[in-house]
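Shown here: work08.cif, mmCIF, C-alpha atoms.
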```cif
data_upload
loop_
_atom_site.label_atom_id
_atom_site.label_comp_id
_atom_site.auth_asym_id
_atom_site.auth_seq_id
_atom_site.Cartn_x
_atom_site.Cartn_y
_atom_site.Cartn_z
CA MET S 1261 -26.80 -38.17 52.86
CA SER S 1262 -23.55 -36.70 51.66
CA PHE S 1263 -21.95 -38.15 48.56
CA ILE S 1264 -18.18 -38.60 48.59
CA ASN S 1265 -16.61 -39.05 45.19
CA TYR S 1266 -12.98 -40.13 45.42
CA ALA S 1267 -12.74 -40.26 41.65
CA SER S 1268 -13.53 -36.59 41.08
CA ARG S 1269 -12.42 -35.62 44.61
CA GLU S 1270 -15.71 -34.04 45.53
CA ILE S 1271 -17.99 -34.07 48.49
CA ASN S 1272 -21.65 -33.11 48.09
CA CYS S 1273 -24.02 -32.23 50.91
CA LYS S 1274 -27.71 -31.36 50.98
CA ILE S 1275 -29.17 -28.53 53.06
CA VAL S 1276 -32.96 -28.12 53.34
CA TYR S 1277 -34.65 -24.85 54.33
CA TYR S 1278 -37.90 -25.67 56.11
CA GLY S 1279 -40.63 -23.45 57.55
CA PRO S 1280 -44.22 -22.25 57.19
CA GLY S 1281 -45.60 -20.68 54.02
CA LEU S 1282 -44.26 -17.19 53.21
CA CYS S 1283 -41.65 -17.30 55.98
CA GLY S 1284 -38.84 -16.45 53.54
CA LYS S 1285 -37.16 -19.72 52.58
CA THR S 1286 -37.02 -18.85 48.90
CA THR S 1287 -35.92 -15.30 49.75
CA ASN S 1288 -32.98 -16.75 51.71
CA LEU S 1289 -31.85 -18.71 48.65
CA GLN S 1290 -32.40 -15.75 46.33
CA TYR S 1291 -30.19 -13.58 48.50
CA VAL S 1292 -27.45 -16.21 48.60
CA TYR S 1293 -27.73 -16.54 44.83
CA GLN S 1294 -27.45 -12.77 44.28
CA LYS S 1295 -24.45 -12.36 46.52
CA THR S 1296 -22.40 -15.34 45.44
CA ALA S 1297 -19.63 -15.06 42.85
CA PRO S 1298 -20.69 -16.56 39.50
CA ASP S 1299 -17.96 -19.21 39.56
CA ALA S 1300 -19.12 -20.50 42.94
CA LYS S 1301 -22.76 -21.03 42.10
CA GLY S 1302 -24.89 -22.92 39.63
CA LYS S 1303 -28.26 -21.99 38.27
CA MET S 1304 -31.04 -21.41 40.79
CA ILE S 1305 -34.11 -23.43 39.97
CA SER S 1306 -37.53 -22.53 41.33
CA LEU S 1307 -40.46 -24.81 40.72
CA ALA S 1308 -43.16 -22.31 41.63
CA THR S 1309 -46.76 -21.45 40.80
CA GLU S 1310 -47.69 -18.44 38.69
CA THR S 1311 -48.02 -16.41 41.87
CA GLU S 1312 -44.47 -17.32 42.86
CA ARG S 1313 -45.41 -19.70 45.62
CA THR S 1314 -43.05 -22.65 45.79
CA LEU S 1315 -44.75 -25.68 44.27
CA PHE S 1316 -42.12 -28.38 44.62
CA PHE S 1317 -38.74 -26.92 45.56
CA ASP S 1318 -36.09 -24.28 44.93
CA PHE S 1319 -32.61 -25.53 44.27
CA LEU S 1320 -29.26 -23.74 44.42
CA PRO S 1321 -25.91 -25.51 44.08
CA LEU S 1322 -22.94 -23.79 45.74
CA ALA S 1323 -19.25 -24.61 45.61
CA LEU S 1324 -17.58 -23.44 48.76
CA GLY S 1325 -13.98 -24.29 48.03
CA GLU S 1326 -11.59 -27.08 48.90
CA ILE S 1327 -10.84 -28.93 52.09
CA ARG S 1328 -7.87 -31.26 52.00
CA GLY S 1329 -8.00 -31.40 48.23
CA PHE S 1330 -11.71 -32.20 48.12
CA LYS S 1331 -14.12 -29.81 46.43
CA THR S 1332 -16.91 -29.04 48.85
CA ARG S 1333 -20.32 -28.54 47.30
CA PHE S 1334 -23.56 -27.74 49.02
CA HIS S 1335 -26.95 -28.21 47.45
CA LEU S 1336 -29.51 -25.86 48.97
CA TYR S 1337 -33.17 -26.83 48.75
CA THR S 1338 -36.34 -25.20 50.04
CA VAL S 1339 -39.60 -27.02 50.64
CA PRO S 1340 -43.04 -25.68 49.72
CA GLY S 1341 -44.30 -24.19 52.97
CA GLN S 1342 -48.04 -24.37 52.43
CA VAL S 1343 -49.67 -27.02 54.58
CA PHE S 1344 -51.24 -29.02 51.75
CA TYR S 1345 -47.91 -29.70 50.02
CA ASP S 1346 -46.86 -32.17 52.68
CA ALA S 1347 -46.23 -35.05 50.28
CA SER S 1348 -43.69 -32.91 48.40
CA ARG S 1349 -41.98 -31.80 51.60
CA LYS S 1350 -41.37 -35.41 52.60
CA LEU S 1351 -39.67 -36.11 49.28
CA ILE S 1352 -37.30 -33.17 49.56
CA LEU S 1353 -36.13 -34.24 53.00
CA LYS S 1354 -34.77 -37.47 51.54
CA GLY S 1355 -31.02 -37.63 51.88
CA VAL S 1356 -30.78 -34.40 53.87
CA ASP S 1357 -27.52 -33.57 55.67
CA GLY S 1358 -28.64 -30.46 57.53
CA VAL S 1359 -31.80 -28.46 58.16
CA VAL S 1360 -32.43 -24.74 58.53
CA PHE S 1361 -35.77 -23.91 60.11
CA VAL S 1362 -36.89 -20.46 58.98
CA ALA S 1363 -39.41 -19.01 61.41
CA ASP S 1364 -41.66 -16.06 60.60
CA SER S 1365 -41.30 -13.54 63.44
CA GLN S 1366 -44.71 -11.96 63.01
CA GLU S 1367 -46.90 -12.58 66.01
CA GLU S 1368 -49.80 -13.88 63.91
CA ARG S 1369 -47.57 -16.58 62.41
CA ILE S 1370 -46.46 -18.23 65.63
CA ASP S 1371 -49.01 -21.04 65.31
CA ALA S 1372 -47.93 -21.65 61.73
CA ASN S 1373 -44.30 -21.81 62.92
CA ILE S 1374 -45.10 -24.35 65.60
CA GLU S 1375 -47.14 -26.47 63.22
CA SER S 1376 -44.38 -26.42 60.63
CA LEU S 1377 -41.74 -27.39 63.19
CA ASP S 1378 -43.88 -30.31 64.36
CA ASN S 1379 -44.34 -31.29 60.75
CA LEU S 1380 -40.56 -31.17 60.20
CA ARG S 1381 -39.93 -33.44 63.16
CA PHE S 1382 -42.62 -35.86 62.04
CA ASN S 1383 -41.52 -36.00 58.40
CA LEU S 1384 -37.88 -36.52 59.37
CA LYS S 1385 -38.85 -39.34 61.66
CA GLU S 1386 -40.74 -40.99 58.84
CA GLN S 1387 -37.49 -41.03 56.85
CA GLY S 1388 -35.54 -42.44 59.77
CA TYR S 1389 -33.95 -39.17 60.93
CA ASP S 1390 -34.01 -37.52 64.33
CA LEU S 1391 -33.98 -33.71 64.26
CA ASP S 1392 -32.02 -33.66 67.52
CA LYS S 1393 -29.21 -35.64 65.90
CA LEU S 1394 -29.07 -33.75 62.62
CA PRO S 1395 -27.08 -30.58 61.97
CA TYR S 1396 -29.80 -28.03 62.58
CA VAL S 1397 -30.03 -24.22 62.75
CA VAL S 1398 -32.99 -21.95 63.54
CA GLN S 1399 -33.43 -18.60 61.82
CA TYR S 1400 -35.88 -16.00 63.11
CA ASN S 1401 -36.73 -14.13 59.93
CA LYS S 1402 -38.52 -10.81 59.34
CA ARG S 1403 -37.01 -9.18 62.43
CA ASP S 1404 -37.50 -5.80 60.75
CA LEU S 1405 -41.29 -5.97 60.90
CA PRO S 1406 -43.10 -3.98 63.60
CA SER S 1407 -45.18 -7.00 64.60
CA ALA S 1408 -42.09 -9.16 65.25
CA MET S 1409 -42.36 -11.14 68.48
CA PRO S 1410 -39.69 -10.90 71.18
CA ILE S 1411 -36.90 -13.42 70.57
CA GLU S 1412 -37.28 -14.96 74.05
CA GLU S 1413 -40.87 -15.94 73.33
CA MET S 1414 -40.01 -17.40 69.95
CA ARG S 1415 -37.09 -19.29 71.42
CA ARG S 1416 -39.34 -20.86 74.05
CA ASP S 1417 -41.70 -22.22 71.39
CA LEU S 1418 -39.35 -22.92 68.51
CA ASN S 1419 -35.93 -23.65 69.93
CA PRO S 1420 -36.37 -25.56 73.19
CA THR S 1421 -33.20 -27.60 72.53
CA ASN S 1422 -31.08 -24.46 72.20
CA VAL S 1423 -29.52 -25.07 68.82
CA VAL S 1424 -27.61 -22.34 66.99
CA GLU S 1425 -30.00 -19.53 66.07
CA TYR S 1426 -29.86 -16.31 64.07
CA GLU S 1427 -32.03 -13.25 63.69
CA ALA S 1428 -32.53 -12.34 60.07
CA CYS S 1429 -34.14 -10.15 57.49
CA ALA S 1430 -33.86 -12.20 54.31
CA THR S 1431 -34.97 -9.39 52.01
CA THR S 1432 -31.99 -7.23 53.01
CA GLY S 1433 -29.74 -10.24 53.60
CA GLU S 1434 -29.16 -9.70 57.28
CA GLY S 1435 -28.43 -13.04 58.95
CA VAL S 1436 -28.69 -15.01 55.70
CA PHE S 1437 -25.03 -15.89 55.25
CA GLU S 1438 -24.53 -16.31 58.98
CA THR S 1439 -27.25 -18.99 58.92
CA LEU S 1440 -25.77 -20.70 55.87
CA LYS S 1441 -22.26 -20.71 57.28
CA ALA S 1442 -23.47 -22.12 60.57
CA ILE S 1443 -25.33 -25.03 58.99
CA ALA S 1444 -22.48 -25.77 56.55
CA LYS S 1445 -20.05 -25.83 59.43
CA LEU S 1446 -22.25 -28.14 61.51
CA ILE S 1447 -22.53 -30.53 58.55
CA LEU S 1448 -18.77 -30.64 58.05
CA ILE S 1449 -18.20 -31.22 61.76
CA ASP S 1450 -20.82 -33.98 61.65
CA LEU S 1451 -19.06 -35.59 58.68
CA LYS S 1452 -15.80 -35.48 60.55
CA LYS S 1453 -17.34 -37.07 63.63
CA GLY S 1454 -19.18 -39.72 61.67
CA LYS S 1455 -16.03 -41.37 60.40
CA MET Z 319 -30.19 -43.36 59.09
CA SER Z 320 -32.28 -44.56 56.22
CA ASN Z 321 -29.55 -44.89 53.63
CA PRO Z 322 -25.89 -45.71 53.88
CA GLN Z 323 -23.44 -43.04 52.83
CA MET Z 324 -22.83 -42.90 49.11
CA VAL Z 325 -19.16 -43.25 48.26
CA MET Z 326 -17.47 -43.50 44.87
CA TYR Z 327 -13.97 -44.86 44.28
CA GLU Z 328 -11.74 -44.40 41.27
CA GLU Z 329 -11.86 -48.06 40.21
CA GLU Z 330 -15.65 -48.34 40.15
CA PHE Z 331 -15.95 -44.89 38.62
CA GLN Z 332 -13.91 -46.12 35.63
CA GLU Z 333 -15.99 -49.29 35.36
CA ILE Z 334 -19.21 -47.30 35.42
CA ASN Z 335 -17.96 -44.93 32.76
CA ILE Z 336 -17.02 -47.82 30.49
CA VAL Z 337 -20.55 -49.22 30.77
CA ILE Z 338 -22.32 -45.93 30.08
CA GLU Z 339 -19.91 -44.99 27.27
CA ARG Z 340 -20.80 -48.27 25.59
CA LEU Z 341 -24.50 -47.66 26.21
CA LEU Z 342 -24.12 -44.24 24.60
CA GLN Z 343 -22.77 -45.87 21.43
CA GLU Z 344 -25.12 -48.84 21.34
CA ALA Z 345 -28.27 -46.84 22.03
CA ASN Z 346 -27.20 -44.06 19.67
CA ALA Z 347 -27.90 -41.58 22.46
CA LYS Z 348 -26.73 -37.97 22.80
CA VAL Z 349 -26.00 -37.86 26.49
CA ILE Z 350 -26.17 -40.28 29.42
CA PHE Z 351 -26.18 -39.31 33.08
CA LEU Z 352 -26.06 -41.31 36.26
CA VAL Z 353 -27.64 -39.58 39.23
CA ASP Z 354 -27.93 -40.54 42.88
CA LYS Z 355 -31.53 -40.70 44.14
CA ASN Z 356 -30.71 -37.72 46.38
CA GLY Z 357 -29.96 -35.59 43.34
CA GLN Z 358 -26.18 -35.76 43.18
CA LEU Z 359 -24.63 -36.26 39.76
CA ILE Z 360 -22.43 -39.37 39.69
CA SER Z 361 -21.21 -39.34 36.13
CA GLY Z 362 -22.10 -38.22 32.64
CA VAL Z 363 -20.93 -39.12 29.13
CA GLY Z 364 -21.60 -37.75 25.65
CA ASP Z 365 -22.34 -34.15 24.87
CA THR Z 366 -22.48 -33.14 28.55
CA GLU Z 367 -21.01 -29.66 27.97
CA ARG Z 368 -24.28 -28.44 26.50
CA PHE Z 369 -26.23 -29.09 29.68
CA ASP Z 370 -26.44 -27.74 33.18
CA THR Z 371 -25.67 -31.13 34.67
CA THR Z 372 -26.15 -30.14 38.32
CA SER Z 373 -29.66 -28.82 37.71
CA LEU Z 374 -30.45 -31.79 35.54
CA ALA Z 375 -29.42 -34.17 38.31
CA SER Z 376 -31.46 -32.38 40.93
CA LEU Z 377 -34.61 -32.18 38.78
CA THR Z 378 -34.30 -35.81 37.71
CA ALA Z 379 -34.12 -36.92 41.32
CA GLY Z 380 -37.10 -34.70 42.16
CA ASN Z 381 -38.98 -36.22 39.25
CA ILE Z 382 -38.21 -39.78 40.36
CA ALA Z 383 -39.14 -38.91 43.94
CA ALA Z 384 -42.46 -37.40 42.84
CA THR Z 385 -43.40 -40.34 40.62
CA GLY Z 386 -42.26 -42.69 43.39
CA GLY Z 387 -44.73 -40.92 45.68
CA LEU Z 388 -47.44 -41.39 43.06
CA ALA Z 389 -46.57 -45.07 42.74
CA LYS Z 390 -46.95 -45.63 46.46
CA LEU Z 391 -50.35 -43.89 46.42
CA ILE Z 392 -51.67 -46.46 43.96
CA GLY Z 393 -49.99 -49.38 45.70
CA GLU Z 394 -46.93 -49.79 43.46
CA LYS Z 395 -43.41 -50.00 44.88
CA GLU Z 396 -42.02 -47.59 42.31
CA PHE Z 397 -42.24 -46.73 38.63
CA SER Z 398 -38.92 -48.01 37.42
CA ILE Z 399 -39.05 -46.34 33.99
CA LEU Z 400 -40.11 -42.83 32.98
CA PHE Z 401 -40.21 -41.60 29.43
CA HIS Z 402 -40.51 -37.95 28.37
CA GLU Z 403 -41.14 -37.25 24.72
CA GLY Z 404 -40.20 -33.89 23.27
CA GLU Z 405 -40.36 -32.40 19.78
CA LYS Z 406 -36.73 -33.21 19.08
CA ASP Z 407 -35.20 -34.76 22.16
CA ASN Z 408 -36.49 -37.40 24.50
CA LEU Z 409 -35.55 -38.54 27.97
CA HIS Z 410 -35.55 -42.14 29.13
CA ILE Z 411 -35.17 -42.30 32.90
CA SER Z 412 -34.83 -45.56 34.78
CA ILE Z 413 -33.91 -46.74 38.25
CA VAL Z 414 -30.88 -49.00 38.51
CA GLY Z 415 -30.45 -51.34 41.44
CA GLY Z 416 -33.09 -49.47 43.41
CA ARG Z 417 -30.70 -46.66 44.21
CA VAL Z 418 -29.28 -44.92 41.16
CA ILE Z 419 -31.02 -43.12 38.30
CA LEU Z 420 -29.93 -43.63 34.70
CA VAL Z 421 -30.88 -40.81 32.32
CA VAL Z 422 -30.59 -41.30 28.56
CA LEU Z 423 -31.15 -38.35 26.26
CA PHE Z 424 -31.77 -39.26 22.62
CA ASP Z 425 -33.29 -37.85 19.44
CA SER Z 426 -34.73 -39.24 16.20
CA ARG Z 427 -31.46 -40.98 15.34
CA SER Z 428 -32.43 -43.54 17.95
CA SER Z 429 -35.74 -44.98 19.13
CA LEU Z 430 -37.48 -45.75 22.38
CA GLY Z 431 -37.34 -49.48 21.64
CA LEU Z 432 -33.61 -49.47 21.04
CA VAL Z 433 -32.94 -47.36 24.14
CA ARG Z 434 -35.08 -49.61 26.33
CA LEU Z 435 -33.35 -52.72 25.06
CA ARG Z 436 -29.83 -51.38 25.60
CA VAL Z 437 -30.65 -49.79 28.94
CA LYS Z 438 -31.90 -53.11 30.23
CA LYS Z 439 -28.62 -54.81 29.45
CA SER Z 440 -26.48 -52.03 30.89
CA SER Z 441 -28.63 -51.76 34.01
CA ASP Z 442 -27.67 -55.27 35.12
CA GLU Z 443 -23.99 -54.46 34.73
CA LEU Z 444 -24.33 -51.13 36.53
CA SER Z 445 -26.33 -52.76 39.26
CA SER Z 446 -23.58 -55.24 40.03
CA ILE Z 447 -20.93 -52.49 40.05
CA PHE Z 448 -22.99 -50.51 42.57
CA ASP Z 449 -23.48 -53.61 44.70
CA LYS Z 450 -19.73 -54.10 44.71
CA LEU Z 451 -19.21 -50.45 45.57
CA LEU Z 452 -21.58 -50.60 48.50
CA LYS Z 453 -19.93 -53.74 49.83
CA LYS Z 454 -16.49 -52.19 49.47
CA ALA Z 455 -17.55 -49.10 51.41
CA GLU Z 456 -19.09 -51.25 54.14
CA ASP Z 457 -16.00 -53.45 54.39
CA LYS Z 458 -13.74 -50.45 54.66
CA GLU Z 459 -15.88 -49.04 57.40
CA LYS Z 460 -15.98 -52.34 59.30
CA ARG Z 461 -12.23 -52.74 59.12
CA GLY Z 462 -11.89 -49.16 60.18
CA THR Z 463 -9.63 -48.46 57.24
CA SER Z 464 -11.81 -45.76 55.82
CA ASP Z 465 -9.62 -43.32 53.95
CA PHE Z 466 -12.16 -40.65 54.63
CA PRO Z 467 -10.63 -37.29 53.81
CA PHE Z 468 -12.48 -35.36 56.49
CA ALA Z 469 -11.47 -37.38 59.49
CA GLU Z 470 -8.64 -35.03 60.30
CA ILE Z 471 -10.02 -31.68 59.30
CA THR Z 472 -9.64 -28.92 61.81
CA ASP Z 473 -11.90 -26.04 62.69
CA ASP Z 474 -9.46 -23.82 60.83
CA ASP Z 475 -9.98 -25.81 57.63
CA ILE Z 476 -13.70 -25.26 57.93
CA ASP Z 477 -13.37 -21.57 58.78
CA ASN Z 478 -11.09 -21.06 55.80
CA LEU Z 479 -13.91 -22.10 53.48
CA PHE Z 480 -15.82 -19.03 54.51
CA SER Z 481 -13.05 -16.51 54.58
#
```

How does the structure come out when it is put into structure tokens?
Amino acid sequence: MSFINYASREINCKIVYYGPGLCGKTTNLQYVYQKTAPDAKGKMISLATETERTLFFDFLPLALGEIRGFKTRFHLYTVPGQVFYDASRKLILKGVDGVVFVADSQEERIDANIESLDNLRFNLKEQGYDLDKLPYVVQYNKRDLPSAMPIEEMRRDLNPTNVVEYEACATTGEGVFETLKAIAKLILIDLKKGK
Amino acid sequence: MSNPQMVMYEEEFQEINIVIERLLQEANAKVIFLVDKNGQLISGVGDTERFDTTSLASLTAGNIAATGGLAKLIGEKEFSILFHEGEKDNLHISIVGGRVILVVLFDSRSSLGLVRLRVKKSSDELSSIFDKLLKKAEDKEKRGTSDFPFAEITDDDIDNLFS
């Protein structure tokens, strides 16, 4: 749920990166953090285990610039991907304005992708959201790996509604900003429509 | 959607700041923050420069969400007050009007009892301001007089953000 502050002339939106464990959600945020000018970003926070698995969430605040005199800020969150952290995932979806689903392109992870996408739909519904009505982008990550599945097959399973999608390699940054721009744009268009 | 859009207007923003400024004095606190349950910072008074307020807001909301989840597991609606005790500084976190989080940072110059007492009084005032705010936003929307700044943005405006 975006927060419009007329007093400080700011608008804040929340983007959540969702997906199965080890699909590259945190890596997406890390790349954005590395490549963003210091004055446009805040501190990146990672609540992770000792083995660098996300425990609760990663958080990265970004200031994109001004629209009509309003500062536009996006708060990027990731969820913990591992199946047993479901209670935490539900909490992070609260107040979400847009979702990026990061899919792992490796053939052996297709079931994990499908399960995570089902879980996303279910958890959103529990909060009163409908994925089909939210700004939503799909990212096929790890395209550089030899075991990456053909896009057509992934699309059939993971993007039946034909939302905006990007191929990516989050470690090198390919597709990362394209994904972020797309979701930010969808959120702003949604805000415009909503009023 | 589960929650109505959070909007803040100049008038209520001033009123809120007056209440938390007074709380800062009366509770002898170092810093006070107001945070939306979704993790957006609403306002802060006191020695705010020393802190990364955006991170603080996000972690506070995460904290409240996590303890809220715990509360539900044991059959409580929510835990309305959290207290974190440190070596020097302490955090008193409470939920105001079911929607907003009030964070009071204080050290040995104050005490938990004093903070609790003052927070209680200020919470009622803040609660009524937020009620008023919500009603105002709803009224504006009903009358269709929303002065929403994004209603007339163009695709170019959006593209320019990324150029």

Find the residues of chain Z in contact range of chain S, meaning any atom within 9 Å when counting all atoms listed in the file, and list them as a compact mmCIF listing (two decimals) with C-alpha atoms, in the coordinates of the input.
```txt
# COMPACT_ATOMS: atom_id res chain seq x y z
CA MET Z 319 -30.19 -43.36 59.09
CA SER Z 320 -32.28 -44.56 56.22
CA ASN Z 321 -29.55 -44.89 53.63
CA PRO Z 322 -25.89 -45.71 53.88
CA GLN Z 323 -23.44 -43.04 52.83
CA MET Z 324 -22.83 -42.90 49.11
CA VAL Z 325 -19.16 -43.25 48.26
CA MET Z 326 -17.47 -43.50 44.87
CA TYR Z 327 -13.97 -44.86 44.28
CA GLU Z 328 -11.74 -44.40 41.27
CA GLU Z 329 -11.86 -48.06 40.21
CA GLU Z 330 -15.65 -48.34 40.15
CA PHE Z 331 -15.95 -44.89 38.62
CA GLN Z 332 -13.91 -46.12 35.63
CA ASP Z 354 -27.93 -40.54 42.88
CA LYS Z 355 -31.53 -40.70 44.14
CA ASN Z 356 -30.71 -37.72 46.38
CA GLY Z 357 -29.96 -35.59 43.34
CA GLN Z 358 -26.18 -35.76 43.18
CA ILE Z 360 -22.43 -39.37 39.69
CA ASP Z 370 -26.44 -27.74 33.18
CA THR Z 372 -26.15 -30.14 38.32
CA SER Z 373 -29.66 -28.82 37.71
CA SER Z 376 -31.46 -32.38 40.93
CA LEU Z 377 -34.61 -32.18 38.78
CA GLY Z 380 -37.10 -34.70 42.16
CA ALA Z 383 -39.14 -38.91 43.94
CA ALA Z 384 -42.46 -37.40 42.84
CA GLY Z 387 -44.73 -40.92 45.68
CA GLU Z 459 -15.88 -49.04 57.40
CA GLY Z 462 -11.89 -49.16 60.18
CA SER Z 464 -11.81 -45.76 55.82
CA PHE Z 466 -12.16 -40.65 54.63
CA PRO Z 467 -10.63 -37.29 53.81
CA PHE Z 468 -12.48 -35.36 56.49
CA ALA Z 469 -11.47 -37.38 59.49
CA GLU Z 470 -8.64 -35.03 60.30
CA ILE Z 471 -10.02 -31.68 59.30
CA THR Z 472 -9.64 -28.92 61.81
CA ASP Z 473 -11.90 -26.04 62.69
CA ASP Z 475 -9.98 -25.81 57.63
CA ILE Z 476 -13.70 -25.26 57.93
CA ASP Z 477 -13.37 -21.57 58.78
CA ASN Z 478 -11.09 -21.06 55.80
CA LEU Z 479 -13.91 -22.10 53.48
CA PHE Z 480 -15.82 -19.03 54.51
```

Subject >> Atomic separation - CA of Gly393 (chain Z) relative to CA of Leu444 (chain Z), Å >> reply: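 Result for CA of Leu444 (chain Z) versus CA of Gly393 (chain Z): 27.3 Å, one decimal.
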
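Pairwise distance (CA of Val422 (chain Z), CA of Asn408 (chain Z)) equals 8.2 Å.
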
Subject >> Between CA of Thr1314 (chain S) and CA of Glu1413 (chain S) - distance in Å to one decimal >> reply: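 That distance, rounded to one decimal, is 28.4 Å.
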
**OP:** For Leu1322 (chain S), list every protein, DNA or RNA residue within 6 Å, evaluated using all atoms listed in the file, and leave out those in the same chain fewer than 2 positions away; present the list as a ChimeraX atom specification.
**Re:** /S:1300-1301,1333-1334

**OP:** May I ask which of the residues S:Ile1275, S:Ala1297, S:Val1398, S:Met1414 is the closest one to Thr1439 (chain S), counting all atoms listed in the file?
**Re:** S:Val1398

Original post:
Care to translate the PyMOL selection byres ((chain S and resi 1419-1425) around 8) into actual residues of this file, as a VMD selection string?
Top reply: chain S and resid 1392 1396 to 1400 1414 to 1418 1426 to 1427 1439 1442

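Residue selection for this entry, given the PyMOL selection byres ((chain S and resi 1378) around 12), comprises Tyr1278, Gly1279, Pro1280, Val1343, Phe1361, Asp1371, Ala1372, Asn1373, Ile1374, Glu1375, Ser1376, Leu1377, Asn1379, Leu1380, Arg1381, Phe1382, Asn1383, Leu1384, Lys1385, Leu1391, Asp1417, Leu1418 and Asn1419 of chain S.
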
List every residue of region 1324-1349 of chain S that has an atom at most 9 Å from any atom of region 1286-1289 of chain S, and for each one report the closest atom pair and its distance in Å to one decimal, counting only C-alpha atoms, with rows sorted by chain and then by increasing residue number, as CSV.
```
residue,atom,partner,partner_atom,distance
S:Leu1336,CA,S:Leu1289,CA,7.5
S:Tyr1337,CA,S:Leu1289,CA,8.2
S:Thr1338,CA,S:Thr1286,CA,6.5
S:Val1339,CA,S:Thr1286,CA,8.7
```

Store the residues of this selection in a file with C-alpha atoms, as a PDB file, keeping the file's coordinate frame.
```pdb
ATOM      1  CA  LEU S1336     -29.510 -25.860  48.970  1.00  0.00           C
ATOM      2  CA  TYR S1337     -33.170 -26.830  48.750  1.00  0.00           C
ATOM      3  CA  THR S1338     -36.340 -25.200  50.040  1.00  0.00           C
ATOM      4  CA  VAL S1339     -39.600 -27.020  50.640  1.00  0.00           C
TER       5      VAL S1339
END
```

Original post:
Skipping near chain neighbours, those fewer than 2 positions away, what residues fall within 10 Å of Ser445 (chain Z) using all atoms listed in the file, listed as a list of chain:residue names?
Top reply: Z:Ile334, Z:Ile413, Z:Val414, Z:Gly415, Z:Gly416, Z:Arg417, Z:Val418, Z:Ser440, Z:Ser441, Z:Asp442, Z:Glu443, Z:Ile447, Z:Phe448, Z:Asp449, Z:Lys450, Z:Leu451

Original post:
Counting all atoms listed in the file, what is within 12 Å of Gln343 (chain Z), bar same-chain residues fewer than 2 positions away, as a PyMOL selection string?
Top reply: chain Z and resi 336-341+345-350+363-364+422+424+427-428+432-433+436-437+440
